[in-house]
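*Asks:* Supplied structure: final_4.cif, mmCIF, C-alpha atoms.
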```
data_data
loop_
_atom_site.group_PDB
_atom_site.id
_atom_site.type_symbol
_atom_site.label_atom_id
_atom_site.label_comp_id
_atom_site.auth_asym_id
_atom_site.auth_seq_id
_atom_site.Cartn_x
_atom_site.Cartn_y
_atom_site.Cartn_z
ATOM 1 C CA MET A 1 10.693 -22.759 -20.926
ATOM 2 C CA ARG A 2 8.918 -22.704 -17.591
ATOM 3 C CA ILE A 3 5.509 -24.049 -16.563
ATOM 4 C CA GLY A 4 3.094 -22.520 -14.057
ATOM 5 C CA HIS A 5 -0.244 -23.514 -12.541
ATOM 6 C CA GLY A 6 -2.881 -21.240 -11.051
ATOM 7 C CA TYR A 7 -6.158 -21.801 -9.228
ATOM 8 C CA ASP A 8 -8.759 -19.397 -7.922
ATOM 9 C CA VAL A 9 -12.255 -19.560 -6.464
ATOM 10 C CA HIS A 10 -14.833 -16.951 -5.483
ATOM 11 C CA ARG A 11 -18.296 -17.139 -3.964
ATOM 12 C CA LEU A 12 -21.332 -16.200 -6.077
ATOM 13 C CA VAL A 13 -23.546 -13.519 -4.492
ATOM 14 C CA LYS A 14 -26.387 -11.243 -5.508
ATOM 15 C CA GLU A 15 -25.728 -7.594 -6.406
ATOM 16 C CA ARG A 16 -22.308 -8.219 -7.967
ATOM 17 C CA ARG A 17 -21.349 -8.328 -11.639
ATOM 18 C CA LEU A 18 -20.131 -11.603 -13.098
ATOM 19 C CA ILE A 19 -16.879 -10.897 -14.905
ATOM 20 C CA LEU A 20 -14.872 -13.739 -16.414
ATOM 21 C CA GLY A 21 -11.924 -13.234 -18.727
ATOM 22 C CA GLY A 22 -12.724 -9.530 -18.717
ATOM 23 C CA VAL A 23 -16.224 -10.188 -20.102
ATOM 24 C CA ASP A 24 -19.272 -8.861 -18.241
ATOM 25 C CA ILE A 25 -21.679 -11.809 -18.360
ATOM 26 C CA PRO A 26 -25.401 -11.267 -17.725
ATOM 27 C CA TYR A 27 -26.353 -13.369 -14.706
ATOM 28 C CA GLU A 28 -28.371 -13.045 -11.504
ATOM 29 C CA LYS A 29 -25.240 -13.310 -9.355
ATOM 30 C CA GLY A 30 -21.638 -12.176 -9.493
ATOM 31 C CA LEU A 31 -18.383 -13.107 -7.829
ATOM 32 C CA LEU A 32 -17.522 -11.684 -4.435
ATOM 33 C CA GLY A 33 -14.015 -10.344 -3.971
ATOM 34 C CA HIS A 34 -11.811 -7.353 -3.215
ATOM 35 C CA SER A 35 -11.261 -6.709 -6.928
ATOM 36 C CA ASP A 36 -13.706 -7.574 -9.707
ATOM 37 C CA ALA A 37 -13.175 -11.233 -8.598
ATOM 38 C CA ASP A 38 -12.467 -12.499 -12.130
ATOM 39 C CA VAL A 39 -11.475 -16.070 -11.198
ATOM 40 C CA LEU A 40 -10.310 -16.869 -14.713
ATOM 41 C CA LEU A 41 -7.840 -13.995 -14.918
ATOM 42 C CA HIS A 42 -6.736 -14.586 -11.326
ATOM 43 C CA ALA A 43 -5.875 -18.213 -12.105
ATOM 44 C CA ILE A 44 -4.019 -17.174 -15.265
ATOM 45 C CA MET A 45 -2.040 -14.478 -13.433
ATOM 46 C CA ASP A 46 -1.130 -16.967 -10.693
ATOM 47 C CA SER A 47 0.060 -19.470 -13.301
ATOM 48 C CA ILE A 48 2.370 -16.855 -14.852
ATOM 49 C CA LEU A 49 3.682 -15.645 -11.502
ATOM 50 C CA GLY A 50 4.218 -19.270 -10.487
ATOM 51 C CA ALA A 51 6.190 -19.976 -13.655
ATOM 52 C CA LEU A 52 8.344 -16.942 -12.815
ATOM 53 C CA ALA A 53 8.676 -18.130 -9.176
ATOM 54 C CA LEU A 54 7.389 -14.717 -8.017
ATOM 55 C CA GLY A 55 4.607 -15.844 -5.708
ATOM 56 C CA ASP A 56 0.968 -15.143 -6.434
ATOM 57 C CA ILE A 57 -1.466 -12.272 -6.986
ATOM 58 C CA GLY A 58 -2.133 -12.014 -3.256
ATOM 59 C CA LYS A 59 1.504 -11.047 -2.802
ATOM 60 C CA LEU A 60 1.551 -8.674 -5.777
ATOM 61 C CA PHE A 61 -1.951 -7.176 -5.382
ATOM 62 C CA PRO A 62 -2.908 -7.713 -1.703
ATOM 63 C CA ASP A 63 -6.575 -7.574 -0.750
ATOM 64 C CA SER A 64 -5.543 -5.544 2.281
ATOM 65 C CA SER A 65 -4.707 -2.626 -0.040
ATOM 66 C CA ASP A 66 -7.372 -0.101 -1.025
ATOM 67 C CA GLU A 67 -5.387 0.436 -4.241
ATOM 68 C CA PHE A 68 -6.851 -2.821 -5.541
ATOM 69 C CA LEU A 69 -10.412 -2.415 -4.233
ATOM 70 C CA GLY A 70 -12.692 -3.005 -7.227
ATOM 71 C CA ALA A 71 -9.649 -3.396 -9.491
ATOM 72 C CA ASP A 72 -10.155 -4.418 -13.108
ATOM 73 C CA SER A 73 -8.400 -7.782 -13.439
ATOM 74 C CA LEU A 74 -7.581 -7.094 -17.102
ATOM 75 C CA VAL A 75 -5.478 -4.138 -15.938
ATOM 76 C CA LEU A 76 -3.796 -6.360 -13.333
ATOM 77 C CA THR A 77 -3.176 -9.016 -15.992
ATOM 78 C CA THR A 78 -1.453 -6.401 -18.151
ATOM 79 C CA ARG A 79 0.768 -5.580 -15.164
ATOM 80 C CA VAL A 80 1.660 -9.250 -14.733
ATOM 81 C CA ALA A 81 2.470 -9.430 -18.465
ATOM 82 C CA SER A 82 4.806 -6.462 -18.024
ATOM 83 C CA ILE A 83 6.543 -8.193 -15.104
ATOM 84 C CA MET A 84 6.895 -11.315 -17.232
ATOM 85 C CA LYS A 85 8.411 -9.287 -20.068
ATOM 86 C CA ASP A 86 10.754 -7.458 -17.657
ATOM 87 C CA ASN A 87 11.977 -10.887 -16.506
ATOM 88 C CA GLY A 88 12.775 -11.831 -20.107
ATOM 89 C CA TYR A 89 9.802 -14.106 -20.843
ATOM 90 C CA GLN A 90 6.758 -14.241 -23.104
ATOM 91 C CA ILE A 91 3.728 -16.495 -23.250
ATOM 92 C CA GLY A 92 4.175 -19.846 -24.944
ATOM 93 C CA ASN A 93 0.563 -20.776 -24.272
ATOM 94 C CA VAL A 94 -2.161 -20.673 -21.628
ATOM 95 C CA ASP A 95 -4.754 -23.383 -21.063
ATOM 96 C CA ALA A 96 -7.528 -22.506 -18.614
ATOM 97 C CA THR A 97 -10.741 -24.124 -17.406
ATOM 98 C CA VAL A 98 -13.635 -22.355 -15.653
ATOM 99 C CA ILE A 99 -15.782 -24.578 -13.437
ATOM 100 C CA ALA A 100 -19.340 -23.239 -13.102
ATOM 101 C CA GLN A 101 -22.728 -24.909 -13.001
ATOM 102 C CA ALA A 102 -24.306 -21.800 -14.509
ATOM 103 C CA PRO A 103 -24.417 -19.685 -16.570
ATOM 104 C CA LYS A 104 -23.413 -21.366 -19.802
ATOM 105 C CA LEU A 105 -20.141 -19.742 -20.867
ATOM 106 C CA ARG A 106 -19.654 -20.995 -24.450
ATOM 107 C CA PRO A 107 -21.101 -17.784 -26.013
ATOM 108 C CA TYR A 108 -18.440 -15.690 -24.211
ATOM 109 C CA ILE A 109 -15.299 -17.783 -24.582
ATOM 110 C CA ASP A 110 -14.000 -16.246 -27.815
ATOM 111 C CA GLU A 111 -14.272 -12.746 -26.327
ATOM 112 C CA MET A 112 -12.488 -13.972 -23.171
ATOM 113 C CA ARG A 113 -9.664 -15.394 -25.306
ATOM 114 C CA LYS A 114 -9.358 -12.119 -27.197
ATOM 115 C CA ASN A 115 -9.190 -10.106 -23.950
ATOM 116 C CA ILE A 116 -6.609 -12.423 -22.403
ATOM 117 C CA ALA A 117 -4.406 -12.440 -25.500
ATOM 118 C CA SER A 118 -4.527 -8.644 -25.666
ATOM 119 C CA ALA A 119 -3.629 -8.257 -21.975
ATOM 120 C CA LEU A 120 -0.761 -10.750 -22.264
ATOM 121 C CA GLY A 121 0.539 -9.408 -25.576
ATOM 122 C CA CYS A 122 0.234 -12.690 -27.425
ATOM 123 C CA ASN A 123 -1.782 -14.254 -30.216
ATOM 124 C CA ILE A 124 -5.301 -15.526 -29.507
ATOM 125 C CA THR A 125 -4.153 -18.936 -30.781
ATOM 126 C CA ASP A 126 -1.901 -19.113 -27.696
ATOM 127 C CA ILE A 127 -4.917 -18.895 -25.361
ATOM 128 C CA SER A 128 -7.305 -21.750 -24.610
ATOM 129 C CA VAL A 129 -10.346 -21.251 -22.380
ATOM 130 C CA LYS A 130 -12.742 -24.058 -21.594
ATOM 131 C CA ALA A 131 -15.781 -24.287 -19.345
ATOM 132 C CA THR A 132 -17.274 -27.240 -17.542
ATOM 133 C CA THR A 133 -19.759 -28.033 -14.803
ATOM 134 C CA GLU A 134 -19.308 -30.401 -11.880
ATOM 135 C CA GLU A 135 -22.581 -32.207 -12.484
ATOM 136 C CA LYS A 136 -24.207 -30.404 -9.535
ATOM 137 C CA MET A 137 -21.581 -31.694 -7.083
ATOM 138 C CA GLY A 138 -19.583 -29.574 -4.646
ATOM 139 C CA PHE A 139 -19.684 -25.798 -4.151
ATOM 140 C CA THR A 140 -19.478 -25.032 -7.880
ATOM 141 C CA GLY A 141 -22.105 -27.628 -8.725
ATOM 142 C CA SER A 142 -24.512 -26.212 -6.153
ATOM 143 C CA GLY A 143 -24.060 -22.707 -7.589
ATOM 144 C CA ASP A 144 -22.320 -21.348 -4.487
ATOM 145 C CA GLY A 145 -19.183 -20.343 -6.391
ATOM 146 C CA ILE A 146 -17.068 -20.506 -9.505
ATOM 147 C CA SER A 147 -13.489 -21.744 -9.751
ATOM 148 C CA ALA A 148 -10.816 -21.754 -12.432
ATOM 149 C CA HIS A 149 -7.579 -23.594 -13.134
ATOM 150 C CA ALA A 150 -4.884 -22.377 -15.514
ATOM 151 C CA VAL A 151 -1.572 -23.676 -16.716
ATOM 152 C CA CYS A 152 0.899 -21.742 -18.793
ATOM 153 C CA ILE A 153 4.178 -22.186 -20.515
ATOM 154 C CA ILE A 154 6.393 -19.149 -20.670
ATOM 155 C CA LYS A 155 9.497 -19.001 -22.805
ATOM 156 C CA LYS A 156 12.465 -16.711 -23.182
ATOM 157 C CA ARG A 157 11.469 -13.635 -25.187
ATOM 158 C CA ASP A 158 12.364 -13.394 -28.841
ATOM 159 C CA ILE A 159 15.179 -10.881 -29.323
ATOM 160 C CA GLU A 160 13.204 -8.591 -31.662
ATOM 161 C CA GLN A 161 10.383 -8.071 -29.157
#
```
Show this structure as structure tokens.

*Replies:*
Amino acid sequence: MRIGHGYDVHRLVKERRLILGGVDIPYEKGLLGHSDADVLLHAIMDSILGALALGDIGKLFPDSSDEFLGADSLVLTTRVASIMKDNGYQIGNVDATVIAQAPKLRPYIDEMRKNIASALGCNITDISVKATTEEKMGFTGSGDGISAHAVCIIKKRDIEQ
């Protein structure tokens, strides 16, 4: 087994969609980034790549490349899952936390878990997503941005997979 940790942060701005865990969430602001800026999926991908000792998503999907401009992070997550599989591993579990003062994310978490499990080729019971605020402190608490942390355990693939 191997363990990985990922972290990502993006600024909230007007005239962008808010996408977290592949879910389009109605909100007055969205996350600014080269891709769809899905901080949750970015943190999860970084945790997997870290567990594999293959760097991070900036190395794999550089923001200097037009190929990834506006990219759907669920598609990128599927690519990371393929890399993981090619290296002989599968998900043991993922535990992720989104830090956002607003909007409230509880109504969307089950759909996020379903999307993540599908992209990673694992069971939804292997995916935990939580949300918290920072009690109006810091850049997330002031509503300037959203961040996410993720940890994962990957394990050698079962032979029949």

*Asks:* Report as JSON lines the residues of range 27-52 of chain A within 9 Å of range 96-118 of chain A, each with its shortest atom pair and distance in Å (one decimal), using only C-alpha atoms, ordered by chain and increasing residue number.

*Replies:*
```
{"residue": "A:Tyr27", "atom": "CA", "partner": "A:Pro103", "partner_atom": "CA", "distance": 6.9}
{"residue": "A:Val39", "atom": "CA", "partner": "A:Val98", "partner_atom": "CA", "distance": 8.0}
{"residue": "A:Leu40", "atom": "CA", "partner": "A:Val98", "partner_atom": "CA", "distance": 6.5}
{"residue": "A:Leu41", "atom": "CA", "partner": "A:Ile116", "partner_atom": "CA", "distance": 7.7}
{"residue": "A:Ala43", "atom": "CA", "partner": "A:Ala96", "partner_atom": "CA", "distance": 8.0}
{"residue": "A:Ile44", "atom": "CA", "partner": "A:Ala96", "partner_atom": "CA", "distance": 7.2}
```

*Asks:* For the provided coordinates, the residues matched by the PyMOL selection byres ((chain A and resi 89) around 8) should be stated as a list in words.

*Replies:*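 Output from the PyMOL selection byres ((chain A and resi 89) around 8), applied to this file: Met84, Lys85, Asp86, Asn87, Gly88, Gln90, Ile91, Ile154, Lys155, Lys156 and Arg157 of chain A.
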
*Asks:* For a cutoff of 9 Å around the file-coordinate point (-4.7, -26.4, -9.8), which residues qualify once you count all atoms listed in the file? I'd like the result as a ChimeraX atom specification.

*Replies:* /A:5-8,43,148-151

*Asks:* Given the PyMOL selection byres ((chain A and resi 139) around 12) and the file above, list the residues it selects as a list in words.

*Replies:* Val9, His10, Arg11, Leu12, Ile99, Ala100, Gln101, Thr133, Glu134, Glu135, Lys136, Met137, Gly138, Thr140, Gly141, Ser142, Gly143, Asp144, Gly145, Ile146 and Ser147 of chain A

*Asks:* In Å, how far is it from CA of Met1 in chain A to CA of Asp126 in chain A?

*Replies:*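 About the pair CA of Met1 in chain A and CA of Asp126 in chain A: they are 14.8 Å apart.
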
*Asks:* Starting from the displayed file, determine the output of the PyMOL selection byres ((chain A and resi 78) around 10) and express the residue list as a list in words.

*Replies:*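 Applying the expression gives Met45, Ser73, Leu74, Val75, Leu76, Thr77, Arg79, Val80, Ala81, Ser82, Ile83, Met84, Ile116, Ala117, Ser118, Ala119, Leu120 and Gly121 of chain A.
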
*Asks:* So how many Å separate CA of Ala71 in chain A and CA of Thr125 in chain A, to one decimal?

*Replies:*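 Interatomic distance, CA of Ala71 in chain A to CA of Thr125 in chain A: 26.9 Å.
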
*Asks:* Could you list, as a ChimeraX atom specification, every residue within 6 Å of range 28-38 of chain A, counting all atoms listed in the file and ignoring same-chain residues fewer than 5 positions away?

*Replies:* /A:10-14,16-20,63,69-72

*Asks:* Please measure the separation of CA of Gly4 in chain A and CA of Val94 in chain A, giving the value in Å to one decimal.

*Replies:*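 Separation between CA of Gly4 in chain A and CA of Val94 in chain A: 9.4 Å.
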
*Asks:* Out of A:Arg2, A:Lys59, A:His42, A:Lys130, which residue has the shortest atom-to-atom distance to Gly22 in chain A when counting only C-alpha atoms?

*Replies:*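 Of all the options, A:His42 lies closest to Gly22 in chain A.
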
*Asks:* Centre and edge lengths of an axis-aligned box around all listed atoms of range 43-51 of chain A, with 5 Å added on each side, are to be given in Å to one decimal, as lines of an AutoDock Vina configuration file.

*Replies:*
```
center_x = 0.2
center_y = -17.2
center_z = -12.9
size_x = 22.1
size_y = 15.5
size_z = 14.8
```

*Asks:* Go through A:Ala53, A:Leu60, A:Cys152, A:Ile3 one by one, measure the shortest atom-to-atom distance of each to Val129 in chain A using only C-alpha atoms, and give the residue with the smallest value.

*Replies:*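 The closest residue to Val129 in chain A is A:Cys152.
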
*Asks:* Give me range 113-135 of chain A with N, CA and C atoms filled in, as a PDB file, keeping the file's coordinate frame.

*Replies:*
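In the end it all went to selection26.pdb:
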```pdb
ATOM      1  N   ARG A 113     -10.968 -15.087 -24.701  1.00  0.00           N
ATOM      2  CA  ARG A 113      -9.664 -15.394 -25.306  1.00  0.00           C
ATOM      3  C   ARG A 113      -9.042 -14.138 -25.914  1.00  0.00           C
ATOM      4  N   LYS A 114      -9.847 -13.366 -26.586  1.00  0.00           N
ATOM      5  CA  LYS A 114      -9.358 -12.119 -27.197  1.00  0.00           C
ATOM      6  C   LYS A 114      -8.849 -11.159 -26.126  1.00  0.00           C
ATOM      7  N   ASN A 115      -9.603 -10.989 -25.050  1.00  0.00           N
ATOM      8  CA  ASN A 115      -9.190 -10.106 -23.950  1.00  0.00           C
ATOM      9  C   ASN A 115      -7.890 -10.569 -23.306  1.00  0.00           C
ATOM     10  N   ILE A 116      -7.795 -11.869 -23.067  1.00  0.00           N
ATOM     11  CA  ILE A 116      -6.609 -12.423 -22.403  1.00  0.00           C
ATOM     12  C   ILE A 116      -5.382 -12.260 -23.291  1.00  0.00           C
ATOM     13  N   ALA A 117      -5.524 -12.580 -24.564  1.00  0.00           N
ATOM     14  CA  ALA A 117      -4.406 -12.440 -25.500  1.00  0.00           C
ATOM     15  C   ALA A 117      -3.938 -10.997 -25.578  1.00  0.00           C
ATOM     16  N   SER A 118      -4.875 -10.072 -25.613  1.00  0.00           N
ATOM     17  CA  SER A 118      -4.527  -8.644 -25.666  1.00  0.00           C
ATOM     18  C   SER A 118      -3.773  -8.225 -24.408  1.00  0.00           C
ATOM     19  N   ALA A 119      -4.266  -8.630 -23.244  1.00  0.00           N
ATOM     20  CA  ALA A 119      -3.629  -8.257 -21.975  1.00  0.00           C
ATOM     21  C   ALA A 119      -2.235  -8.862 -21.847  1.00  0.00           C
ATOM     22  N   LEU A 120      -2.042 -10.065 -22.387  1.00  0.00           N
ATOM     23  CA  LEU A 120      -0.761 -10.750 -22.264  1.00  0.00           C
ATOM     24  C   LEU A 120       0.188 -10.462 -23.422  1.00  0.00           C
ATOM     25  N   GLY A 121      -0.308  -9.754 -24.438  1.00  0.00           N
ATOM     26  CA  GLY A 121       0.539  -9.408 -25.576  1.00  0.00           C
ATOM     27  C   GLY A 121       0.920 -10.610 -26.419  1.00  0.00           C
ATOM     28  N   CYS A 122      -0.039 -11.504 -26.614  1.00  0.00           N
ATOM     29  CA  CYS A 122       0.234 -12.690 -27.425  1.00  0.00           C
ATOM     30  C   CYS A 122      -0.901 -12.899 -28.416  1.00  0.00           C
ATOM     31  N   ASN A 123      -0.778 -13.926 -29.220  1.00  0.00           N
ATOM     32  CA  ASN A 123      -1.782 -14.254 -30.216  1.00  0.00           C
ATOM     33  C   ASN A 123      -2.926 -15.023 -29.566  1.00  0.00           C
ATOM     34  N   ILE A 124      -4.131 -14.826 -30.047  1.00  0.00           N
ATOM     35  CA  ILE A 124      -5.301 -15.526 -29.507  1.00  0.00           C
ATOM     36  C   ILE A 124      -5.142 -17.041 -29.633  1.00  0.00           C
ATOM     37  N   THR A 125      -4.368 -17.498 -30.614  1.00  0.00           N
ATOM     38  CA  THR A 125      -4.153 -18.936 -30.781  1.00  0.00           C
ATOM     39  C   THR A 125      -3.290 -19.528 -29.671  1.00  0.00           C
ATOM     40  N   ASP A 126      -2.688 -18.664 -28.846  1.00  0.00           N
ATOM     41  CA  ASP A 126      -1.901 -19.113 -27.696  1.00  0.00           C
ATOM     42  C   ASP A 126      -2.742 -19.241 -26.437  1.00  0.00           C
ATOM     43  N   ILE A 127      -4.031 -18.918 -26.537  1.00  0.00           N
ATOM     44  CA  ILE A 127      -4.917 -18.895 -25.361  1.00  0.00           C
ATOM     45  C   ILE A 127      -6.064 -19.878 -25.554  1.00  0.00           C
ATOM     46  N   SER A 128      -6.186 -20.814 -24.621  1.00  0.00           N
ATOM     47  CA  SER A 128      -7.305 -21.750 -24.610  1.00  0.00           C
ATOM     48  C   SER A 128      -8.122 -21.515 -23.347  1.00  0.00           C
ATOM     49  N   VAL A 129      -9.431 -21.366 -23.519  1.00  0.00           N
ATOM     50  CA  VAL A 129     -10.346 -21.251 -22.380  1.00  0.00           C
ATOM     51  C   VAL A 129     -11.455 -22.267 -22.589  1.00  0.00           C
ATOM     52  N   LYS A 130     -11.681 -23.063 -21.560  1.00  0.00           N
ATOM     53  CA  LYS A 130     -12.742 -24.058 -21.594  1.00  0.00           C
ATOM     54  C   LYS A 130     -13.652 -23.831 -20.390  1.00  0.00           C
ATOM     55  N   ALA A 131     -14.857 -24.373 -20.475  1.00  0.00           N
ATOM     56  CA  ALA A 131     -15.781 -24.287 -19.345  1.00  0.00           C
ATOM     57  C   ALA A 131     -16.406 -25.654 -19.129  1.00  0.00           C
ATOM     58  N   THR A 132     -16.633 -25.973 -17.869  1.00  0.00           N
ATOM     59  CA  THR A 132     -17.274 -27.240 -17.542  1.00  0.00           C
ATOM     60  C   THR A 132     -18.118 -27.062 -16.282  1.00  0.00           C
ATOM     61  N   THR A 133     -18.990 -28.002 -16.052  1.00  0.00           N
ATOM     62  CA  THR A 133     -19.759 -28.033 -14.803  1.00  0.00           C
ATOM     63  C   THR A 133     -19.167 -29.129 -13.932  1.00  0.00           C
ATOM     64  N   GLU A 134     -19.699 -29.277 -12.725  1.00  0.00           N
ATOM     65  CA  GLU A 134     -19.308 -30.401 -11.880  1.00  0.00           C
ATOM     66  C   GLU A 134     -20.519 -31.278 -11.576  1.00  0.00           C
ATOM     67  N   GLU A 135     -21.421 -31.320 -12.580  1.00  0.00           N
ATOM     68  CA  GLU A 135     -22.581 -32.207 -12.484  1.00  0.00           C
ATOM     69  C   GLU A 135     -23.331 -32.049 -11.166  1.00  0.00           C
TER      70      GLU A 135
END
```
